[in-house]
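Data block below; observations after.
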Amino acid sequence: MHIGTFVPAGQFPGQGQGEALHRALRSAEAAERAGLDSVWVAEHHFVPYGVCPSAITLAALLLGRTRRIRVGTAVSVLPTVHPVALGEQTALLHLVSGGRFTLGVGRGGPWVDLEVFGGGVEAYERGFPESLDLLLRWLREPRVGADGERYHFREVPVVPRPDQGLGGPEAPPVLIACTSPASVRLAAARGLPMLLGMHCGDEEKADMVALWRREALAAGADPEAVAAAGHVSAGVAQVADTREEAVETLTKAMPGWLRQGLEAHTTVDGRARSMRDPLAYTEMLCSLHPVGPPRLCADRLAATAERTGIGRFALLAEGSGDLAATELNIWRLGSEVLPLLPRAAAAPAPSDTTPDTTPEIAPETTPDDEGAGTGAAP
């Protein structure tokens, strides 16, 4: 099993934006010290739910501040960025980090971001496959041109080429945030692993993995690669001496963050949106994920892995909203929970061609694929 932390850089009530970003940096450094495998950073625009507007930029900083841990985006939202620009940045980070970077991408939501960045509703509703395919070509081919509905340009050389690293010709790992059968099929057809949101229970995640496997095999994928696919399950983690203490920590802090952050989202076209009650949603997350004493946390992670076939986790550890409490939570996750889990042999995550999951906590009822914690993500 590979355990990582999910970092949305949430701005909790009463906090400044710099405080949220500082906690994100410290969380990544704490995760490396604690022996976790990975850090996953989220991306949002114009809302306090998460104050990092560029997951790949923050990932670059974290790669420079760490030496061992893998860093991934959960996720970079394709409809608001040019796929070639994202591909160039991905190749750069892949090469200079020695292969420690993983690119997670998603469709995002119908937010005003689409208006600001010029993608429009079409980029959200229909343009994701074209953008994804152009991005993948950029990461796999020496020269790329485009003649699609949205992107048209003459063939140009890929510089830097991600297969020109000193360690060999391995491509950067890529995965897709999935919240619907359509996105699962898209990921499977391209042999890409999934990032599954924290709003999902084990049964739903198991169904999505089963669908991915059927679709990947039908598309001609190698059965061994399909069986070894490194999907990522997002969740919440809060380690405490008792279950009651852990739940209390989250139910005191997370509902205020959710309410303030998610209510700030504005749809691009005025479409109606609804949101679950933040307290009820927090309580649901506590019931699904490793929240409680170390043995309970380990048992829940092991049970999820057994039921779903997923062995990689991105766990939100900043649910208290407090820096010191977050660092302690990460330390306990590494020192008290990890030793109770079966551990995979240390190795780099596989490439996107050999299948290797925001983010966010999104209690929206209209599905989309923004990121790790998302169920429909704001």
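In the structure tokens, chains take the letters A, B, ... in the order shown, each chain's residues start at 1, and ligands count up from 1 in the order shown.
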* To do: Could you pull out the residues in range 211-241 of chain A that DSSP calls alpha helix (DSSP H) from the backbone, as a PyMOL selection string?
  => chain A and resi 211-218+223-227
Could you write out the selected residues, including C-alpha atoms, as a tab-separated table (two decimals), in the first residue's frame?
```tsv
chain	number	residue	atom	x	y	z
A	211	LEU	CA	-15.88	-0.91	-15.10
A	212	TRP	CA	-12.40	0.48	-15.83
A	213	ARG	CA	-10.97	-3.02	-16.05
A	214	ARG	CA	-13.69	-4.24	-18.42
A	215	GLU	CA	-13.32	-1.22	-20.66
A	216	ALA	CA	-9.50	-1.35	-20.66
A	217	LEU	CA	-9.49	-5.02	-21.63
A	218	ALA	CA	-12.07	-4.37	-24.34
A	223	PRO	CA	-4.19	-7.99	-18.84
A	224	GLU	CA	-1.17	-7.76	-16.55
A	225	ALA	CA	-1.10	-3.97	-16.88
A	226	VAL	CA	-4.83	-3.83	-16.19
A	227	ALA	CA	-4.44	-5.94	-13.04
```
* So which residues touch Gly319 in chain A within 7 Å, counting only C-alpha atoms, skipping near sequence neighbours fewer than 4 positions away, as JSON, numbers by chain? -> {"A": [250, 253, 254]}
Write the selection just made, keeping all heavy atoms, as a compact mmCIF listing (two decimals), in the first residue's frame?
```txt
# COMPACT_ATOMS: atom_id res chain seq x y z
N LEU A 250 -12.84 17.03 13.39
CA LEU A 250 -13.26 17.34 12.02
C LEU A 250 -14.61 18.04 11.99
O LEU A 250 -14.81 18.97 11.19
CB LEU A 250 -13.30 16.06 11.18
CG LEU A 250 -11.96 15.36 10.98
CD1 LEU A 250 -12.12 14.16 10.04
CD2 LEU A 250 -10.90 16.31 10.44
N ALA A 253 -14.34 21.82 12.61
CA ALA A 253 -13.63 22.70 11.68
C ALA A 253 -14.09 22.59 10.24
O ALA A 253 -14.22 23.60 9.54
CB ALA A 253 -12.12 22.41 11.75
N MET A 254 -14.34 21.38 9.77
CA MET A 254 -14.60 21.21 8.33
C MET A 254 -15.90 21.82 7.83
O MET A 254 -15.93 22.38 6.72
CB MET A 254 -14.52 19.72 7.96
CG MET A 254 -13.10 19.18 7.93
SD MET A 254 -12.99 17.46 7.35
CE MET A 254 -13.52 17.64 5.65
```
* To do: Would you list, as a ChimeraX atom specification, the residues of range 183-360 of chain A that end up in strand (DSSP E or B) under DSSP run on this structure's backbone?
  => /A:194-196,232-236,238-239,267,275,291-292,312-316
Keeping N, CA, C and O atoms, export the residues of the selection given above as a PDB file, in the first residue's frame.
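Contents of selection_19.pdb, as written:
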```
ATOM      1  N   MET A 194      -7.131   5.959 -12.520  1.00  0.00           N
ATOM      2  CA  MET A 194      -8.133   6.909 -12.038  1.00  0.00           C
ATOM      3  C   MET A 194      -7.773   7.464 -10.669  1.00  0.00           C
ATOM      4  O   MET A 194      -7.168   6.788  -9.837  1.00  0.00           O
ATOM      5  N   LEU A 195      -8.205   8.681 -10.443  1.00  0.00           N
ATOM      6  CA  LEU A 195      -8.226   9.310  -9.129  1.00  0.00           C
ATOM      7  C   LEU A 195      -9.684   9.369  -8.707  1.00  0.00           C
ATOM      8  O   LEU A 195     -10.497  10.029  -9.363  1.00  0.00           O
ATOM      9  N   LEU A 196     -10.046   8.664  -7.642  1.00  0.00           N
ATOM     10  CA  LEU A 196     -11.444   8.555  -7.222  1.00  0.00           C
ATOM     11  C   LEU A 196     -11.688   9.360  -5.956  1.00  0.00           C
ATOM     12  O   LEU A 196     -10.899   9.314  -5.009  1.00  0.00           O
ATOM     13  N   VAL A 232      -5.878   5.665  -7.569  1.00  0.00           N
ATOM     14  CA  VAL A 232      -5.681   6.365  -6.293  1.00  0.00           C
ATOM     15  C   VAL A 232      -7.039   6.664  -5.675  1.00  0.00           C
ATOM     16  O   VAL A 232      -7.937   7.188  -6.340  1.00  0.00           O
ATOM     17  N   SER A 233      -7.187   6.349  -4.410  1.00  0.00           N
ATOM     18  CA  SER A 233      -8.410   6.611  -3.666  1.00  0.00           C
ATOM     19  C   SER A 233      -8.195   7.798  -2.737  1.00  0.00           C
ATOM     20  O   SER A 233      -7.302   7.772  -1.886  1.00  0.00           O
ATOM     21  N   ALA A 234      -9.001   8.840  -2.905  1.00  0.00           N
ATOM     22  CA  ALA A 234      -8.915  10.001  -2.019  1.00  0.00           C
ATOM     23  C   ALA A 234      -9.771   9.786  -0.784  1.00  0.00           C
ATOM     24  O   ALA A 234     -10.800   9.095  -0.828  1.00  0.00           O
ATOM     25  N   GLY A 235      -9.369  10.382   0.326  1.00  0.00           N
ATOM     26  CA  GLY A 235     -10.130  10.251   1.564  1.00  0.00           C
ATOM     27  C   GLY A 235      -9.710  11.304   2.564  1.00  0.00           C
ATOM     28  O   GLY A 235      -8.921  12.211   2.265  1.00  0.00           O
ATOM     29  N   VAL A 236     -10.231  11.172   3.759  1.00  0.00           N
ATOM     30  CA  VAL A 236      -9.875  12.036   4.882  1.00  0.00           C
ATOM     31  C   VAL A 236      -9.201  11.165   5.928  1.00  0.00           C
ATOM     32  O   VAL A 236      -9.614  10.016   6.148  1.00  0.00           O
ATOM     33  N   GLN A 238      -7.840  11.375  10.022  1.00  0.00           N
ATOM     34  CA  GLN A 238      -7.645  12.092  11.282  1.00  0.00           C
ATOM     35  C   GLN A 238      -7.335  11.060  12.347  1.00  0.00           C
ATOM     36  O   GLN A 238      -8.186  10.244  12.706  1.00  0.00           O
ATOM     37  N   VAL A 239      -6.104  11.081  12.838  1.00  0.00           N
ATOM     38  CA  VAL A 239      -5.652  10.101  13.814  1.00  0.00           C
ATOM     39  C   VAL A 239      -5.737  10.708  15.212  1.00  0.00           C
ATOM     40  O   VAL A 239      -5.258  11.820  15.453  1.00  0.00           O
ATOM     41  N   THR A 267     -21.426  29.676 -11.032  1.00  0.00           N
ATOM     42  CA  THR A 267     -21.498  28.962 -12.299  1.00  0.00           C
ATOM     43  C   THR A 267     -21.327  29.931 -13.464  1.00  0.00           C
ATOM     44  O   THR A 267     -21.697  31.110 -13.377  1.00  0.00           O
ATOM     45  N   MET A 275     -26.072  21.997  -2.764  1.00  0.00           N
ATOM     46  CA  MET A 275     -24.961  21.574  -1.939  1.00  0.00           C
ATOM     47  C   MET A 275     -25.495  20.825  -0.726  1.00  0.00           C
ATOM     48  O   MET A 275     -26.477  21.235  -0.114  1.00  0.00           O
ATOM     49  N   VAL A 291     -10.653   7.647  10.276  1.00  0.00           N
ATOM     50  CA  VAL A 291     -10.854   8.701  11.270  1.00  0.00           C
ATOM     51  C   VAL A 291     -11.016   8.018  12.614  1.00  0.00           C
ATOM     52  O   VAL A 291     -12.033   7.376  12.885  1.00  0.00           O
ATOM     53  N   GLY A 292      -9.995   8.128  13.490  1.00  0.00           N
ATOM     54  CA  GLY A 292     -10.057   7.456  14.779  1.00  0.00           C
ATOM     55  C   GLY A 292      -8.680   7.044  15.250  1.00  0.00           C
ATOM     56  O   GLY A 292      -7.658   7.584  14.796  1.00  0.00           O
ATOM     57  N   ARG A 312      -3.320   2.721  -3.517  1.00  0.00           N
ATOM     58  CA  ARG A 312      -2.719   4.045  -3.352  1.00  0.00           C
ATOM     59  C   ARG A 312      -3.773   5.000  -2.801  1.00  0.00           C
ATOM     60  O   ARG A 312      -4.917   5.013  -3.268  1.00  0.00           O
ATOM     61  N   PHE A 313      -3.377   5.812  -1.816  1.00  0.00           N
ATOM     62  CA  PHE A 313      -4.322   6.681  -1.124  1.00  0.00           C
ATOM     63  C   PHE A 313      -3.784   8.106  -1.058  1.00  0.00           C
ATOM     64  O   PHE A 313      -2.591   8.332  -0.845  1.00  0.00           O
ATOM     65  N   ALA A 314      -4.706   9.071  -1.224  1.00  0.00           N
ATOM     66  CA  ALA A 314      -4.412  10.500  -1.039  1.00  0.00           C
ATOM     67  C   ALA A 314      -5.354  10.991   0.054  1.00  0.00           C
ATOM     68  O   ALA A 314      -6.551  11.148  -0.180  1.00  0.00           O
ATOM     69  N   LEU A 315      -4.831  11.211   1.246  1.00  0.00           N
ATOM     70  CA  LEU A 315      -5.661  11.451   2.422  1.00  0.00           C
ATOM     71  C   LEU A 315      -5.536  12.893   2.902  1.00  0.00           C
ATOM     72  O   LEU A 315      -4.431  13.371   3.207  1.00  0.00           O
ATOM     73  N   LEU A 316      -6.666  13.579   2.945  1.00  0.00           N
ATOM     74  CA  LEU A 316      -6.687  14.951   3.446  1.00  0.00           C
ATOM     75  C   LEU A 316      -6.413  14.932   4.950  1.00  0.00           C
ATOM     76  O   LEU A 316      -7.171  14.341   5.714  1.00  0.00           O
TER      77      LEU A 316
END
```
* Asked: For Asp207 in chain A, which residue among A:His289, A:Arg140, A:Pro8, A:Gly309 is the nearest when counting only C-alpha atoms?
  ->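 Of A:His289, A:Arg140, A:Pro8, A:Gly309, the one nearest Asp207 in chain A, counting only C-alpha atoms, is A:Gly309.
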* Asked: CA of Gly197 in chain A and CA of Arg276 in chain A, how far apart in Å?
  -> 15.6 Å
* **Shell of 12 Å around Ala30 in chain A, only C-alpha atoms, local chain residues under 5 positions omitted, as a PyMOL selection string** => chain A and resi 4-5+7+23-25+35-39+62+65-66+69+317-318+323-335
Would you mind listing what lies within 9 Å of Gly98 in chain A as a JSON list (two decimals) with N, CA and C atoms, in the first residue's frame, with only C-alpha atoms counted and same-chain residues fewer than 6 positions away left out?
```json
[["chain", "number", "residue", "atom", "x", "y", "z"],
["A", 165, "GLY", "N", 15.35, 12.01, -20.15],
["A", 165, "GLY", "CA", 15.95, 12.11, -18.82],
["A", 165, "GLY", "C", 17.17, 11.22, -18.66],
["A", 166, "LEU", "N", 17.99, 11.52, -17.67],
["A", 166, "LEU", "CA", 19.21, 10.75, -17.43],
["A", 166, "LEU", "C", 18.91, 9.34, -16.96],
["A", 167, "GLY", "N", 17.70, 9.15, -16.39],
["A", 167, "GLY", "CA", 17.37, 7.83, -15.87],
["A", 167, "GLY", "C", 16.71, 6.91, -16.88]]
```
* Asked: Residues at most 10 Å from Gly270 in chain A, counting only C-alpha atoms, excluding those fewer than 3 positions away in the same chain, as a list of chain:residue names?
  ->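 Listed by chain and then number, they are A:Pro110, A:Trp111, A:Val112, A:Thr266, A:Thr267, A:Arg273.
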Selection file, N, CA and C atoms, as a PDB file, in the first residue's frame:
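Listing of result-v3.pdb after writing:
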```pdb
ATOM      1  N   PRO A 110     -18.534  23.609 -13.994  1.00  0.00           N
ATOM      2  CA  PRO A 110     -19.079  24.671 -14.855  1.00  0.00           C
ATOM      3  C   PRO A 110     -18.961  26.045 -14.210  1.00  0.00           C
ATOM      4  N   TRP A 111     -17.764  26.365 -13.743  1.00  0.00           N
ATOM      5  CA  TRP A 111     -17.582  27.580 -12.958  1.00  0.00           C
ATOM      6  C   TRP A 111     -17.205  28.770 -13.820  1.00  0.00           C
ATOM      7  N   VAL A 112     -17.206  29.933 -13.215  1.00  0.00           N
ATOM      8  CA  VAL A 112     -16.880  31.172 -13.913  1.00  0.00           C
ATOM      9  C   VAL A 112     -15.445  31.157 -14.429  1.00  0.00           C
ATOM     10  N   THR A 266     -19.251  30.235  -8.384  1.00  0.00           N
ATOM     11  CA  THR A 266     -20.236  30.855  -9.268  1.00  0.00           C
ATOM     12  C   THR A 266     -20.252  30.096 -10.593  1.00  0.00           C
ATOM     13  N   THR A 267     -21.426  29.676 -11.032  1.00  0.00           N
ATOM     14  CA  THR A 267     -21.498  28.962 -12.299  1.00  0.00           C
ATOM     15  C   THR A 267     -21.327  29.931 -13.464  1.00  0.00           C
ATOM     16  N   ARG A 273     -27.373  25.043  -8.860  1.00  0.00           N
ATOM     17  CA  ARG A 273     -26.492  24.113  -8.178  1.00  0.00           C
ATOM     18  C   ARG A 273     -27.010  23.913  -6.770  1.00  0.00           C
TER      19      ARG A 273
END
```
* Can you pull out every residue within 12 Å of Gly18 in chain A, counting only C-alpha atoms, but drop anything in the same chain fewer than 4 positions away, and send it as a PyMOL selection string? => chain A and resi 9-12+22-25+48+50-52
* To do: Rank A:Val81, A:Leu139, A:Cys297, A:Ile3 by their smallest atom-to-atom distance to Glu336 in chain A, using only C-alpha atoms, and report the top residue only.
  =>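 Checking each candidate against Glu336 in chain A, we get A:Cys297 as the closest.
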* Separation of CA of Arg243 in chain A from CA of Val337 in chain A, in Å and rounded to one decimal ->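 Computed distance, CA of Arg243 in chain A to CA of Val337 in chain A, equals 14.1 Å.
The interatomic distance for the pair CA of Pro255 in chain A and CA of Thr282 in chain A works out to 6.5 Å.
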* To do: Do a neighbour search on Glu141 in chain A at 10 Å with only C-alpha atoms, toss out local chain neighbours closer than 5 positions, and write the hits as a list in words.
  => Leu136, Pro157, Val158, Arg161, Pro162 and Asp163 of chain A
